[in-house]
Structures are given as structure tokens and as C-alpha cells.
>>> print(open('start09.cif').read())   # mmCIF, C-alpha atoms and all ligand atoms
data_entry
#
loop_
_atom_site.label_atom_id
_atom_site.label_comp_id
_atom_site.auth_asym_id
_atom_site.auth_seq_id
_atom_site.Cartn_x
_atom_site.Cartn_y
_atom_site.Cartn_z
CA MET A 76 98.26 89.43 109.52
CA GLY A 77 101.99 88.99 108.87
CA ASP A 78 103.95 88.07 105.76
CA VAL A 79 102.38 85.10 103.95
CA HIS A 80 105.07 84.70 101.26
CA GLY A 81 103.04 82.23 99.23
CA CYS A 82 102.16 80.03 102.22
CA TYR A 83 98.53 79.88 101.12
CA SER A 84 97.62 76.67 103.00
CA GLN A 85 98.91 78.15 106.26
CA PHE A 86 96.99 81.36 105.50
CA LEU A 87 93.76 79.37 105.09
CA ARG A 88 94.47 77.52 108.35
CA LEU A 89 94.92 80.82 110.16
CA LEU A 90 91.64 82.15 108.70
CA ASP A 91 90.02 79.00 109.98
CA LYS A 92 91.58 79.40 113.41
CA ILE A 93 90.26 82.94 113.82
CA ASP A 94 86.82 81.89 112.53
CA TYR A 95 87.08 84.29 109.66
CA SER A 96 83.78 85.51 108.26
CA PRO A 97 83.95 87.66 105.11
CA SER A 98 80.82 89.58 106.09
CA MET A 99 81.89 90.26 109.68
CA ASP A 100 85.67 90.57 109.58
CA LYS A 101 88.22 92.72 107.90
CA ILE A 102 91.62 91.26 107.12
CA ILE A 103 94.62 93.55 106.70
CA LEU A 104 97.90 92.03 105.55
CA THR A 105 101.34 93.56 106.18
CA GLY A 106 102.44 92.76 102.62
CA ASP A 107 104.83 90.26 101.02
CA LEU A 108 101.97 88.04 99.94
CA VAL A 109 104.23 86.32 97.43
CA ASN A 110 107.62 84.76 96.73
CA ARG A 111 109.72 82.13 98.52
CA GLY A 112 106.69 79.93 99.25
CA ASN A 113 105.04 77.62 96.71
CA GLU A 114 101.49 78.96 96.51
CA SER A 115 101.93 82.61 95.59
CA LEU A 116 99.44 82.54 92.71
CA ALA A 117 96.71 80.98 94.87
CA MET A 118 97.37 83.59 97.57
CA ILE A 119 97.10 86.51 95.14
CA ASN A 120 93.96 85.09 93.53
CA PHE A 121 92.30 84.66 96.90
CA CYS A 122 93.01 88.27 97.87
CA MET A 123 91.78 89.58 94.52
CA ASN A 124 88.56 87.61 94.88
CA ASN A 125 87.91 88.83 98.43
CA PRO A 126 87.84 92.61 98.29
CA GLU A 127 87.33 92.91 102.05
CA ILE A 128 90.95 91.76 102.38
CA LYS A 129 93.34 94.69 102.34
CA THR A 130 97.10 94.69 102.05
CA VAL A 131 99.98 97.11 101.91
CA LEU A 132 102.75 96.47 99.38
CA GLY A 133 105.91 94.73 100.54
CA ASN A 134 109.28 94.65 98.80
CA HIS A 135 108.50 91.22 97.33
CA ASP A 136 105.16 92.43 95.98
CA LEU A 137 107.00 95.34 94.35
CA TYR A 138 109.50 92.88 92.89
CA LEU A 139 106.59 90.92 91.43
CA LEU A 140 105.20 94.14 89.96
CA TYR A 141 108.57 94.78 88.36
CA LEU A 142 108.69 91.27 86.83
CA LEU A 143 105.13 91.67 85.56
CA SER A 144 106.01 95.05 84.02
CA ILE A 145 108.86 93.51 81.99
CA ASN A 146 106.97 90.24 81.47
CA LYS A 147 109.81 88.15 82.88
CA GLY A 148 109.09 85.20 85.16
CA LYS A 149 111.77 84.35 87.69
CA GLY A 150 112.00 81.63 90.34
CA LYS A 151 108.88 81.19 92.42
CA LEU A 152 107.24 84.16 90.71
CA LYS A 153 107.34 82.58 87.24
CA GLN A 154 103.93 81.01 87.81
CA ILE A 155 102.32 84.41 88.42
CA VAL A 156 104.05 86.19 85.55
CA ASN A 157 102.92 83.40 83.20
CA ALA A 158 99.41 83.15 84.65
CA LYS A 159 96.41 83.67 82.37
CA ASN A 160 95.17 86.51 84.57
CA ASN A 161 98.59 88.20 84.88
CA LYS A 162 97.25 91.51 83.54
CA LYS A 163 94.52 91.53 86.15
CA ILE A 164 97.06 90.75 88.88
CA TYR A 165 99.32 93.55 87.65
CA LYS A 166 96.47 96.05 87.73
CA TRP A 167 95.30 94.89 91.14
CA LEU A 168 98.78 95.07 92.71
CA LEU A 169 99.39 98.54 91.26
CA GLY A 170 96.36 99.71 93.21
CA ARG A 171 97.57 98.47 96.62
CA PRO A 172 98.76 101.19 99.04
CA LEU A 173 102.06 101.45 100.92
CA PHE A 174 100.40 102.69 104.11
CA LEU A 175 97.07 102.02 105.82
CA LYS A 176 95.51 103.64 108.84
CA GLU A 177 92.84 101.82 110.80
CA LYS A 178 90.95 103.14 113.79
CA ASP A 179 89.22 100.92 116.31
CA PHE A 180 86.29 102.97 117.52
CA ILE A 181 85.69 101.01 120.69
CA SER A 182 89.19 101.31 122.15
CA GLY A 183 89.96 104.57 120.33
CA ASN A 184 93.27 103.07 119.21
CA THR A 185 94.75 103.94 115.83
CA PHE A 186 96.85 101.46 113.88
CA PHE A 187 99.39 102.40 111.21
CA ILE A 188 100.11 99.51 108.92
CA THR A 189 103.14 99.41 106.64
CA HIS A 190 105.34 96.57 105.43
CA ALA A 191 108.57 97.65 107.16
CA GLY A 192 107.61 100.49 109.49
CA ILE A 193 107.65 104.29 109.75
CA PRO A 194 110.94 106.05 110.57
CA GLU A 195 110.97 108.45 113.52
CA ILE A 196 111.64 111.41 111.20
CA TRP A 197 108.09 111.11 109.82
CA SER A 198 104.85 111.52 111.71
CA PRO A 199 102.19 108.99 110.69
CA SER A 200 100.41 111.66 108.66
CA LYS A 201 103.65 112.63 106.91
CA ALA A 202 104.30 108.93 106.16
CA GLY A 203 100.76 108.63 104.81
CA LYS A 204 101.27 111.61 102.52
CA LEU A 205 104.61 110.35 101.22
CA ALA A 206 103.19 106.86 100.70
CA LYS A 207 100.40 108.38 98.63
CA GLU A 208 102.89 110.43 96.66
CA ALA A 209 104.92 107.32 95.76
CA SER A 210 101.77 105.30 95.00
CA ASN A 211 100.55 108.00 92.63
CA ALA A 212 103.91 108.03 90.84
CA LEU A 213 103.76 104.23 90.58
CA LYS A 214 100.29 104.30 89.06
CA GLN A 215 101.09 107.17 86.73
CA ASN A 216 104.13 105.58 85.12
CA PRO A 217 104.56 102.03 86.42
CA LYS A 218 107.40 101.05 84.08
CA LYS A 219 109.52 104.06 84.89
CA PHE A 220 108.84 103.80 88.62
CA LEU A 221 109.57 100.06 88.85
CA GLU A 222 112.69 100.24 86.70
CA SER A 223 114.25 103.02 88.79
CA MET A 224 113.11 101.66 92.15
CA TRP A 225 116.10 99.36 92.75
CA GLY A 226 119.11 100.27 94.81
CA ASP A 227 120.15 101.31 98.31
CA HIS A 228 120.90 104.95 97.52
CA PRO A 229 120.24 107.58 98.68
CA ARG A 230 120.42 106.19 102.20
CA THR A 231 119.08 109.20 104.12
CA TRP A 232 115.84 111.14 103.78
CA ASN A 233 116.04 114.73 102.72
CA GLU A 234 112.96 116.80 101.97
CA SER A 235 114.62 118.23 98.86
CA LEU A 236 114.95 114.80 97.19
CA ALA A 237 113.03 114.65 93.93
CA GLY A 238 112.02 112.24 91.16
CA SER A 239 113.22 108.63 91.25
CA ASP A 240 115.56 109.20 94.19
CA ARG A 241 112.69 110.52 96.26
CA ASN A 242 110.38 107.64 95.32
CA ARG A 243 113.11 105.05 95.95
CA MET A 244 113.81 106.56 99.36
CA ILE A 245 110.13 106.50 100.36
CA VAL A 246 109.76 102.90 99.18
CA ASN A 247 112.97 101.82 100.93
CA TYR A 248 111.82 103.26 104.26
CA LEU A 249 108.30 101.86 104.06
CA THR A 250 109.12 98.42 102.63
CA ARG A 251 112.76 97.55 103.37
CA MET A 252 113.83 99.37 106.57
CA ARG A 253 115.14 97.50 109.60
CA PHE A 254 118.14 99.34 111.10
CA ILE A 255 118.69 103.09 110.93
CA ASN A 256 121.11 105.48 112.65
CA GLN A 257 120.56 108.77 114.48
CA ALA A 258 120.24 110.62 111.15
CA ALA A 259 117.70 108.02 109.93
CA THR A 260 120.26 106.67 107.44
CA LEU A 261 119.22 103.19 106.35
CA ASP A 262 121.37 100.09 106.73
CA LEU A 263 119.71 97.79 104.20
CA LYS A 264 122.39 95.10 104.37
CA ASN A 265 121.65 93.83 107.85
CA ALA A 266 118.62 91.49 107.91
CA SER A 267 119.52 89.93 111.27
CA ALA A 268 118.10 90.96 114.63
CA ASP A 269 121.47 92.23 115.90
CA SER A 270 122.43 95.90 115.81
CA SER A 271 125.82 96.93 114.48
CA ASP A 272 127.86 100.14 114.95
CA ASN A 273 125.55 103.11 115.32
CA PHE A 274 122.53 101.44 113.79
CA ARG A 275 119.51 100.49 115.87
CA PRO A 276 116.09 99.06 114.98
CA TRP A 277 113.91 101.91 113.62
CA PHE A 278 111.39 101.61 116.48
CA LYS A 279 114.09 102.17 119.14
CA TYR A 280 114.19 105.88 118.34
CA SER A 281 111.63 108.32 119.59
CA ASN A 282 109.30 111.07 118.51
CA LYS A 283 106.00 112.55 119.63
CA SER A 284 103.79 110.14 117.69
CA TYR A 285 105.77 107.11 118.89
CA GLN A 286 104.80 108.10 122.44
CA ASP A 287 101.09 108.47 121.80
CA LYS A 288 99.42 105.83 123.96
CA GLN A 289 96.69 105.22 121.39
CA TYR A 290 98.98 104.74 118.40
CA TYR A 291 100.16 101.32 117.29
CA TYR A 292 102.66 100.64 114.52
CA ILE A 293 102.01 97.35 112.77
CA PHE A 294 104.61 95.91 110.39
CA GLY A 295 105.92 92.69 108.87
CA HIS A 296 109.14 92.24 106.90
CA TRP A 297 111.54 91.43 109.73
CA ALA A 298 111.35 87.67 110.19
CA ALA A 299 114.57 87.48 112.24
CA LEU A 300 113.00 89.80 114.81
CA ASN A 301 110.15 87.33 115.24
CA GLY A 302 107.93 90.01 116.79
CA ARG A 303 110.33 90.98 119.57
CA THR A 304 110.23 94.77 119.76
CA GLN A 305 109.97 95.07 123.56
CA ASN A 306 107.46 97.87 123.08
CA LYS A 307 103.76 97.03 122.84
CA HIS A 308 103.13 99.96 120.49
CA PHE A 309 105.34 98.41 117.80
CA ILE A 310 103.97 95.11 116.66
CA GLY A 311 106.01 93.00 114.26
CA LEU A 312 103.88 90.30 112.67
CA ASP A 313 106.39 88.51 110.44
CA THR A 314 107.00 85.35 112.41
CA GLY A 315 108.76 83.50 109.60
CA CYS A 316 106.04 81.28 108.20
CA VAL A 317 107.96 80.67 105.00
CA TRP A 318 110.98 79.66 107.11
CA LYS A 319 108.79 76.92 108.61
CA GLU A 320 108.01 78.92 111.75
CA LYS A 321 104.60 80.61 112.25
CA LEU A 322 102.01 82.79 110.56
CA THR A 323 100.59 85.37 112.95
CA ALA A 324 97.47 87.54 113.10
CA LEU A 325 96.72 90.34 115.54
CA ARG A 326 93.15 91.11 116.57
CA LEU A 327 92.95 94.89 116.68
CA GLU A 328 90.08 95.09 119.18
CA ASP A 329 92.03 93.52 122.03
CA LEU A 330 95.60 93.18 120.67
CA ARG A 331 95.45 89.41 121.00
CA LYS A 332 97.68 87.38 118.71
CA PHE A 333 96.76 84.15 116.95
CA SER A 334 99.27 81.92 115.16
CA VAL A 335 99.46 78.72 113.19
CA LYS A 336 102.57 76.64 112.79
CA TYR A 337 103.97 76.07 109.29
MN MN B 401 109.63 92.15 103.18
#
>>> encode(input="start09.cif", output="C-alpha cells")
Amino acid sequence: MGDVHGCYSQFLRLLDKIDYSPSMDKIILTGDLVNRGNESLAMINFCMNNPEIKTVLGNHDLYLLYLLSINKGKGKLKQIVNAKNNKKIYKWLLGRPLFLKEKDFISGNTFFITHAGIPEIWSPSKAGKLAKEASNALKQNPKKFLESMWGDHPRTWNESLAGSDRNRMIVNYLTRMRFINQAATLDLKNASADSSDNFRPWFKYSNKSYQDKQYYYIFGHWAALNGRTQNKHFIGLDTGCVWKEKLTALRLEDLRKFSVKY
């Protein structure tokens, strides 16, 4: 399911539409549960109370973690930072992954779920390892990690990166990426759907894993794209609910999409 961004009522309507049953179904969210919308606290509480719901972290969830770590409420996230159960929320969010892998045993398809995507320079297993590495660093020293997470530099992956630069780079690829160039340098300024100069959407490049017919890359984050990747193996689920468009779910068994209008 794509980015909810605090649109809790729409989320409940989508659960209703897909006949969600907690004992039968598994829900996986592409992250950005919170911010911009008005019901972020209700959304977070619902996910915490329903452990069969999984999510990866999005950039807005990481921003919330940062605000919680410095105990500073801002804008739409004030309500969560000031909530009675803010410590529980903090702990819960710290435990969410940056990458999930889900196999459908009937079709044999494998789904890689991240908030923004996986750059062509990383195989899914490499991305999974790096995601784990960053998650471990986040859990080990949340304050240090969250404080040094901000910024657009470095812009290009290099295996020799270390410490905060390395973590920031991993997080920026997995949670903020849209356009990259041939060297996998990130352009984090362009949130539109239109390429500029030598930058193309990350999924327009190619590698061996991208061509595997049983691999599917599921992501959110890119509302302006509205799901248009022109490649059925790259499925963008952010359809701009918080911008009064749609909230979308993908059924993994048969790749069918279900949406509700804002
Ligand atoms: Mn996002």
C-alpha cells in the first residue's frame, strides 16, 4: 500500500474496500505513514496495534523520528511528538526496516519493498544488506544517526564511504531517490516527473536483477509519478492521497491494484 501521509480515514476505507482481514491478510506499507495529512497519530497507533501490518521507513517517518529524538513538535507532527505514548511510538518506529523482501509462493514472484527504490548499482541482496547496516546504526545510536542524517551530500555511492556519510547515502537512496545519472549520482532537488540534463528516473537504468522476470520493485515516495513507470516490474504506489488524489494498494498474488479516492 502506498504513502498514507496521515490520511487515516482513506486508509480505513481502502482496508474496507479490499475486505481486509487481520487473520488472513498481510499489509505492507511503502512508508511515509505520517506528515502532511491530519490524522498521523491515529495512523501510527493503528499500525502499532496491528502487528501483522508491516512498513518500511520513509523520509517523513525518519523526520518524525528525528523530532521525537529531540522532543520537538513541528507542524503536523506536533501531535505525535506531544502524544502520551510518544516513547512507545519512538521505539516502534526505530524498529521498522528500510527494506523488505516478500515472496509469493504460488506465483514464485519476489517483491522488494522500499520507500523510494533500489538504485541499479545495488542488487536486491546488496540493498538488503546496506539497509540492515543503516538500521543497525540507527538502533545503536539513534540520536547521533538522526542528527547527522540530513543533507544531500555525498551524492554518489562509493563502497569506501564510512560513518555518517555512508549511512546518509544509504538512507538517501532508499528513502529519497527519484532521479539519478549514469554514475548513480542523486538529484534530490527534482520532485517532478520530468527528467532534466543527464538525470533519469532510477528505474530507467538496467542491471541483471532489474531484468529478472520474477522480481518486482515496489516503492512509494514519488507522488508526481503517479505510478507511471512504463515497466510492470517497477510499481510505484504513491498516488498522491494527501494531495487529494488516491490511495492505492497492490495485491501481490495477481498484481491487481485497488484504490480509493481522497
Ligand atoms: Mn517520501
>>> closest_atom_pairs(input="start09.cif", of="stretch 188-233 of chain A", to="stretch 285-298 of chain A", cutoff="6 Å", atoms="all atoms listed in the file", output="Markdown table")
| residue | atom | partner | partner_atom | distance |
| --- | --- | --- | --- | --- |
| A:Ile188 | CA | A:Ile293 | CA | 4.8 |
| A:Thr189 | CA | A:Phe294 | CA | 5.3 |
| A:His190 | CA | A:Phe294 | CA | 5.1 |
| A:Ala191 | CA | A:Phe294 | CA | 5.4 |
| A:Gly192 | CA | A:Phe294 | CA | 5.5 |
>>> write_last_selection(input="start09.cif", atoms="C-alpha atoms", output="PDB file, in the frame of the given file")
ATOM      1  CA  ILE A 188     100.110  99.510 108.920  1.00  0.00           C
ATOM      2  CA  THR A 189     103.140  99.410 106.640  1.00  0.00           C
ATOM      3  CA  HIS A 190     105.340  96.570 105.430  1.00  0.00           C
ATOM      4  CA  ALA A 191     108.570  97.650 107.160  1.00  0.00           C
ATOM      5  CA  GLY A 192     107.610 100.490 109.490  1.00  0.00           C
TER       6      GLY A 192
END
>>> closest_atom_pairs(input="start09.cif", of="chain A", to="ligand MN 401 (chain B)", cutoff="12 Å", atoms="only C-alpha atoms and all ligand atoms", output="Markdown table")
| residue | atom | partner | partner_atom | distance |
| --- | --- | --- | --- | --- |
| A:Gly77 | CA | B:MN401 | MN | 10.0 |
| A:Asp78 | CA | B:MN401 | MN | 7.5 |
| A:Val79 | CA | B:MN401 | MN | 10.1 |
| A:His80 | CA | B:MN401 | MN | 8.9 |
| A:Leu104 | CA | B:MN401 | MN | 12.0 |
| A:Thr105 | CA | B:MN401 | MN | 8.9 |
| A:Gly106 | CA | B:MN401 | MN | 7.2 |
| A:Asp107 | CA | B:MN401 | MN | 5.6 |
| A:Leu108 | CA | B:MN401 | MN | 9.3 |
| A:Val109 | CA | B:MN401 | MN | 9.8 |
| A:Asn110 | CA | B:MN401 | MN | 10.0 |
| A:Arg111 | CA | B:MN401 | MN | 11.1 |
| A:Val131 | CA | B:MN401 | MN | 10.9 |
| A:Leu132 | CA | B:MN401 | MN | 9.0 |
| A:Gly133 | CA | B:MN401 | MN | 5.2 |
| A:Asn134 | CA | B:MN401 | MN | 5.1 |
| A:His135 | CA | B:MN401 | MN | 6.0 |
| A:Asp136 | CA | B:MN401 | MN | 8.5 |
| A:Leu137 | CA | B:MN401 | MN | 9.7 |
| A:Tyr138 | CA | B:MN401 | MN | 10.3 |
| A:Thr189 | CA | B:MN401 | MN | 10.3 |
| A:His190 | CA | B:MN401 | MN | 6.6 |
| A:Ala191 | CA | B:MN401 | MN | 6.9 |
| A:Gly192 | CA | B:MN401 | MN | 10.7 |
| A:Val246 | CA | B:MN401 | MN | 11.5 |
| A:Asn247 | CA | B:MN401 | MN | 10.5 |
| A:Tyr248 | CA | B:MN401 | MN | 11.4 |
| A:Leu249 | CA | B:MN401 | MN | 9.8 |
| A:Thr250 | CA | B:MN401 | MN | 6.3 |
| A:Arg251 | CA | B:MN401 | MN | 6.2 |
| A:Met252 | CA | B:MN401 | MN | 9.0 |
| A:Arg253 | CA | B:MN401 | MN | 10.0 |
| A:Leu263 | CA | B:MN401 | MN | 11.6 |
| A:Ala266 | CA | B:MN401 | MN | 10.2 |
| A:Phe294 | CA | B:MN401 | MN | 9.6 |
| A:Gly295 | CA | B:MN401 | MN | 6.8 |
| A:His296 | CA | B:MN401 | MN | 3.8 |
| A:Trp297 | CA | B:MN401 | MN | 6.9 |
| A:Ala298 | CA | B:MN401 | MN | 8.5 |
| A:Ala299 | CA | B:MN401 | MN | 11.3 |
| A:Gly311 | CA | B:MN401 | MN | 11.7 |
| A:Leu312 | CA | B:MN401 | MN | 11.2 |
| A:Asp313 | CA | B:MN401 | MN | 8.7 |
| A:Thr314 | CA | B:MN401 | MN | 11.8 |
| A:Gly315 | CA | B:MN401 | MN | 10.8 |
| A:Val317 | CA | B:MN401 | MN | 11.7 |
>>> write_last_selection(input="start09.cif", atoms="C-alpha atoms", output="short mmCIF file (atom, residue, chain, number, x, y, z; two decimals), keeping the file's coordinate frame")
data_model
loop_
_atom_site.label_atom_id
_atom_site.label_comp_id
_atom_site.auth_asym_id
_atom_site.auth_seq_id
_atom_site.Cartn_x
_atom_site.Cartn_y
_atom_site.Cartn_z
CA GLY A 77 101.99 88.99 108.87
CA ASP A 78 103.95 88.07 105.76
CA VAL A 79 102.38 85.10 103.95
CA HIS A 80 105.07 84.70 101.26
CA LEU A 104 97.90 92.03 105.55
CA THR A 105 101.34 93.56 106.18
CA GLY A 106 102.44 92.76 102.62
CA ASP A 107 104.83 90.26 101.02
CA LEU A 108 101.97 88.04 99.94
CA VAL A 109 104.23 86.32 97.43
CA ASN A 110 107.62 84.76 96.73
CA ARG A 111 109.72 82.13 98.52
CA VAL A 131 99.98 97.11 101.91
CA LEU A 132 102.75 96.47 99.38
CA GLY A 133 105.91 94.73 100.54
CA ASN A 134 109.28 94.65 98.80
CA HIS A 135 108.50 91.22 97.33
CA ASP A 136 105.16 92.43 95.98
CA LEU A 137 107.00 95.34 94.35
CA TYR A 138 109.50 92.88 92.89
CA THR A 189 103.14 99.41 106.64
CA HIS A 190 105.34 96.57 105.43
CA ALA A 191 108.57 97.65 107.16
CA GLY A 192 107.61 100.49 109.49
CA VAL A 246 109.76 102.90 99.18
CA ASN A 247 112.97 101.82 100.93
CA TYR A 248 111.82 103.26 104.26
CA LEU A 249 108.30 101.86 104.06
CA THR A 250 109.12 98.42 102.63
CA ARG A 251 112.76 97.55 103.37
CA MET A 252 113.83 99.37 106.57
CA ARG A 253 115.14 97.50 109.60
CA LEU A 263 119.71 97.79 104.20
CA ALA A 266 118.62 91.49 107.91
CA PHE A 294 104.61 95.91 110.39
CA GLY A 295 105.92 92.69 108.87
CA HIS A 296 109.14 92.24 106.90
CA TRP A 297 111.54 91.43 109.73
CA ALA A 298 111.35 87.67 110.19
CA ALA A 299 114.57 87.48 112.24
CA GLY A 311 106.01 93.00 114.26
CA LEU A 312 103.88 90.30 112.67
CA ASP A 313 106.39 88.51 110.44
CA THR A 314 107.00 85.35 112.41
CA GLY A 315 108.76 83.50 109.60
CA VAL A 317 107.96 80.67 105.00
#
>>> residues_near_point(input="start09.cif", point="(102.6, 79.9, 106.2)", cutoff="9 Å", atoms="all atoms listed in the file", output="ChimeraX atom specification")
/A:78-89,112,315-323,335-337
>>> closest_residue(input="start09.cif", among="A:Ser210, A:Asn216, A:Thr185, A:Asn306", to="A:Pro172", atoms="only C-alpha atoms")
A:Ser210
>>> closest_residue(input="start09.cif", among="A:Thr260, A:Phe254, A:Met76, A:Lys214", to="A:Pro229", atoms="all atoms listed in the file")
A:Thr260
>>> closest_residue(input="start09.cif", among="A:Ala158, A:Met224, A:Leu142, A:Ala324", to="A:Arg241", atoms="all atoms listed in the file")
A:Met224
>>> closest_residue(input="start09.cif", among="A:Ala117, A:Ile102, A:Leu213, A:Ile255", to="A:Arg326", atoms="all atoms listed in the file")
A:Ile102
>>> atom_distance(input="start09.cif", atom1="atom CA of A:Ile193", atom2="atom CA of A:Gly238")
20.7 Å
>>> atom_distance(input="start09.cif", atom1="atom CA of A:Ser115", atom2="atom CA of A:Ser267")
24.7 Å
>>> atom_distance(input="start09.cif", atom1="atom CA of A:Glu222", atom2="atom CA of A:Ser144")
8.9 Å
>>> residues_around(input="start09.cif", residues="A:Leu205", least_positions_apart="5", cutoff="9 Å", atoms="all atoms listed in the file", output="mmCIF file with C-alpha atoms, in the frame of the given file")
data_model
loop_
_atom_site.group_PDB
_atom_site.id
_atom_site.type_symbol
_atom_site.label_atom_id
_atom_site.label_comp_id
_atom_site.auth_asym_id
_atom_site.auth_seq_id
_atom_site.Cartn_x
_atom_site.Cartn_y
_atom_site.Cartn_z
ATOM 1 C CA SER A 200 100.410 111.660 108.660
ATOM 2 C CA SER A 210 101.770 105.300 95.000
ATOM 3 C CA ASN A 242 110.380 107.640 95.320
ATOM 4 C CA ILE A 245 110.130 106.500 100.360
#
>>> closest_residue(input="start09.cif", among="A:Tyr95, A:Lys101, A:Asp240, A:Leu116", to="A:Asp179", atoms="all atoms listed in the file")
A:Lys101
>>> closest_residue(input="start09.cif", among="A:Glu234, A:Asp269, A:Asp329, A:Asp100", to="A:Asn125", atoms="only C-alpha atoms")
A:Asp100
>>> residues_around(input="start09.cif", residues="A:Ile145", least_positions_apart="5", cutoff="12 Å", atoms="all atoms listed in the file", output="count of residues only")
13
>>> decode(input="start09.cif", residues="stretch 93-155 of chain A", atoms="C-alpha atoms", output="PDB file, in the first residue's frame")
ATOM      1  CA  ILE A  93     -10.052  -4.860  -0.061  1.00  0.00           C
ATOM      2  CA  ASP A  94     -12.039  -6.717   2.628  1.00  0.00           C
ATOM      3  CA  TYR A  95      -9.080  -6.674   4.941  1.00  0.00           C
ATOM      4  CA  SER A  96      -8.996  -9.467   7.498  1.00  0.00           C
ATOM      5  CA  PRO A  97      -6.223  -9.284  10.127  1.00  0.00           C
ATOM      6  CA  SER A  98      -6.073 -13.067  10.414  1.00  0.00           C
ATOM      7  CA  MET A  99      -5.964 -13.739   6.666  1.00  0.00           C
ATOM      8  CA  ASP A 100      -4.130 -10.785   5.152  1.00  0.00           C
ATOM      9  CA  LYS A 101      -0.783  -9.167   5.444  1.00  0.00           C
ATOM     10  CA  ILE A 102      -0.470  -5.450   4.826  1.00  0.00           C
ATOM     11  CA  ILE A 103       2.856  -3.966   3.782  1.00  0.00           C
ATOM     12  CA  LEU A 104       3.158  -0.194   3.558  1.00  0.00           C
ATOM     13  CA  THR A 105       5.733   1.658   1.434  1.00  0.00           C
ATOM     14  CA  GLY A 106       6.398   4.147   4.255  1.00  0.00           C
ATOM     15  CA  ASP A 107       5.589   7.814   4.880  1.00  0.00           C
ATOM     16  CA  LEU A 108       2.765   6.915   7.216  1.00  0.00           C
ATOM     17  CA  VAL A 109       2.819  10.412   8.664  1.00  0.00           C
ATOM     18  CA  ASN A 110       3.015  14.149   7.988  1.00  0.00           C
ATOM     19  CA  ARG A 111       1.104  16.498   5.672  1.00  0.00           C
ATOM     20  CA  GLY A 112      -2.250  14.835   6.449  1.00  0.00           C
ATOM     21  CA  ASN A 113      -4.284  15.459   9.601  1.00  0.00           C
ATOM     22  CA  GLU A 114      -4.505  12.011  11.179  1.00  0.00           C
ATOM     23  CA  SER A 115      -0.890  10.934  11.558  1.00  0.00           C
ATOM     24  CA  LEU A 116      -1.218   9.923  15.212  1.00  0.00           C
ATOM     25  CA  ALA A 117      -4.252   7.714  14.522  1.00  0.00           C
ATOM     26  CA  MET A 118      -2.395   6.093  11.611  1.00  0.00           C
ATOM     27  CA  ILE A 119       0.684   5.309  13.711  1.00  0.00           C
ATOM     28  CA  ASN A 120      -1.418   3.986  16.592  1.00  0.00           C
ATOM     29  CA  PHE A 121      -3.343   1.700  14.263  1.00  0.00           C
ATOM     30  CA  CYS A 122      -0.137   0.232  12.832  1.00  0.00           C
ATOM     31  CA  MET A 123       1.377  -0.257  16.283  1.00  0.00           C
ATOM     32  CA  ASN A 124      -1.755  -2.062  17.449  1.00  0.00           C
ATOM     33  CA  ASN A 125      -1.869  -4.364  14.421  1.00  0.00           C
ATOM     34  CA  PRO A 126       1.454  -6.176  14.302  1.00  0.00           C
ATOM     35  CA  GLU A 127       0.540  -8.005  11.091  1.00  0.00           C
ATOM     36  CA  ILE A 128       0.913  -4.625   9.361  1.00  0.00           C
ATOM     37  CA  LYS A 129       4.460  -4.069   8.180  1.00  0.00           C
ATOM     38  CA  THR A 130       6.066  -0.919   6.872  1.00  0.00           C
ATOM     39  CA  VAL A 131       9.393   0.313   5.613  1.00  0.00           C
ATOM     40  CA  LEU A 132      10.613   3.721   6.785  1.00  0.00           C
ATOM     41  CA  GLY A 133      10.073   6.725   4.535  1.00  0.00           C
ATOM     42  CA  ASN A 134      11.814  10.082   4.701  1.00  0.00           C
ATOM     43  CA  HIS A 135       8.875  11.586   6.606  1.00  0.00           C
ATOM     44  CA  ASP A 136       8.932   8.749   9.139  1.00  0.00           C
ATOM     45  CA  LEU A 137      12.652   9.413   9.638  1.00  0.00           C
ATOM     46  CA  TYR A 138      11.889  13.106  10.087  1.00  0.00           C
ATOM     47  CA  LEU A 139       9.357  12.170  12.769  1.00  0.00           C
ATOM     48  CA  LEU A 140      12.000  10.008  14.452  1.00  0.00           C
ATOM     49  CA  TYR A 141      14.348  12.983  14.439  1.00  0.00           C
ATOM     50  CA  LEU A 142      11.710  15.269  16.020  1.00  0.00           C
ATOM     51  CA  LEU A 143      10.950  12.616  18.641  1.00  0.00           C
ATOM     52  CA  SER A 144      14.663  12.242  19.421  1.00  0.00           C
ATOM     53  CA  ILE A 145      14.997  15.980  20.172  1.00  0.00           C
ATOM     54  CA  ASN A 146      11.494  16.175  21.673  1.00  0.00           C
ATOM     55  CA  LYS A 147      10.448  18.995  19.358  1.00  0.00           C
ATOM     56  CA  GLY A 148       6.989  19.042  17.809  1.00  0.00           C
ATOM     57  CA  LYS A 149       6.673  20.764  14.452  1.00  0.00           C
ATOM     58  CA  GLY A 150       3.700  21.354  12.160  1.00  0.00           C
ATOM     59  CA  LYS A 151       1.511  18.326  11.616  1.00  0.00           C
ATOM     60  CA  LEU A 152       3.890  16.157  13.640  1.00  0.00           C
ATOM     61  CA  LYS A 153       3.443  18.166  16.851  1.00  0.00           C
ATOM     62  CA  GLN A 154       0.530  15.955  17.872  1.00  0.00           C
ATOM     63  CA  ILE A 155       2.698  12.824  17.757  1.00  0.00           C
TER      64      ILE A 155
END
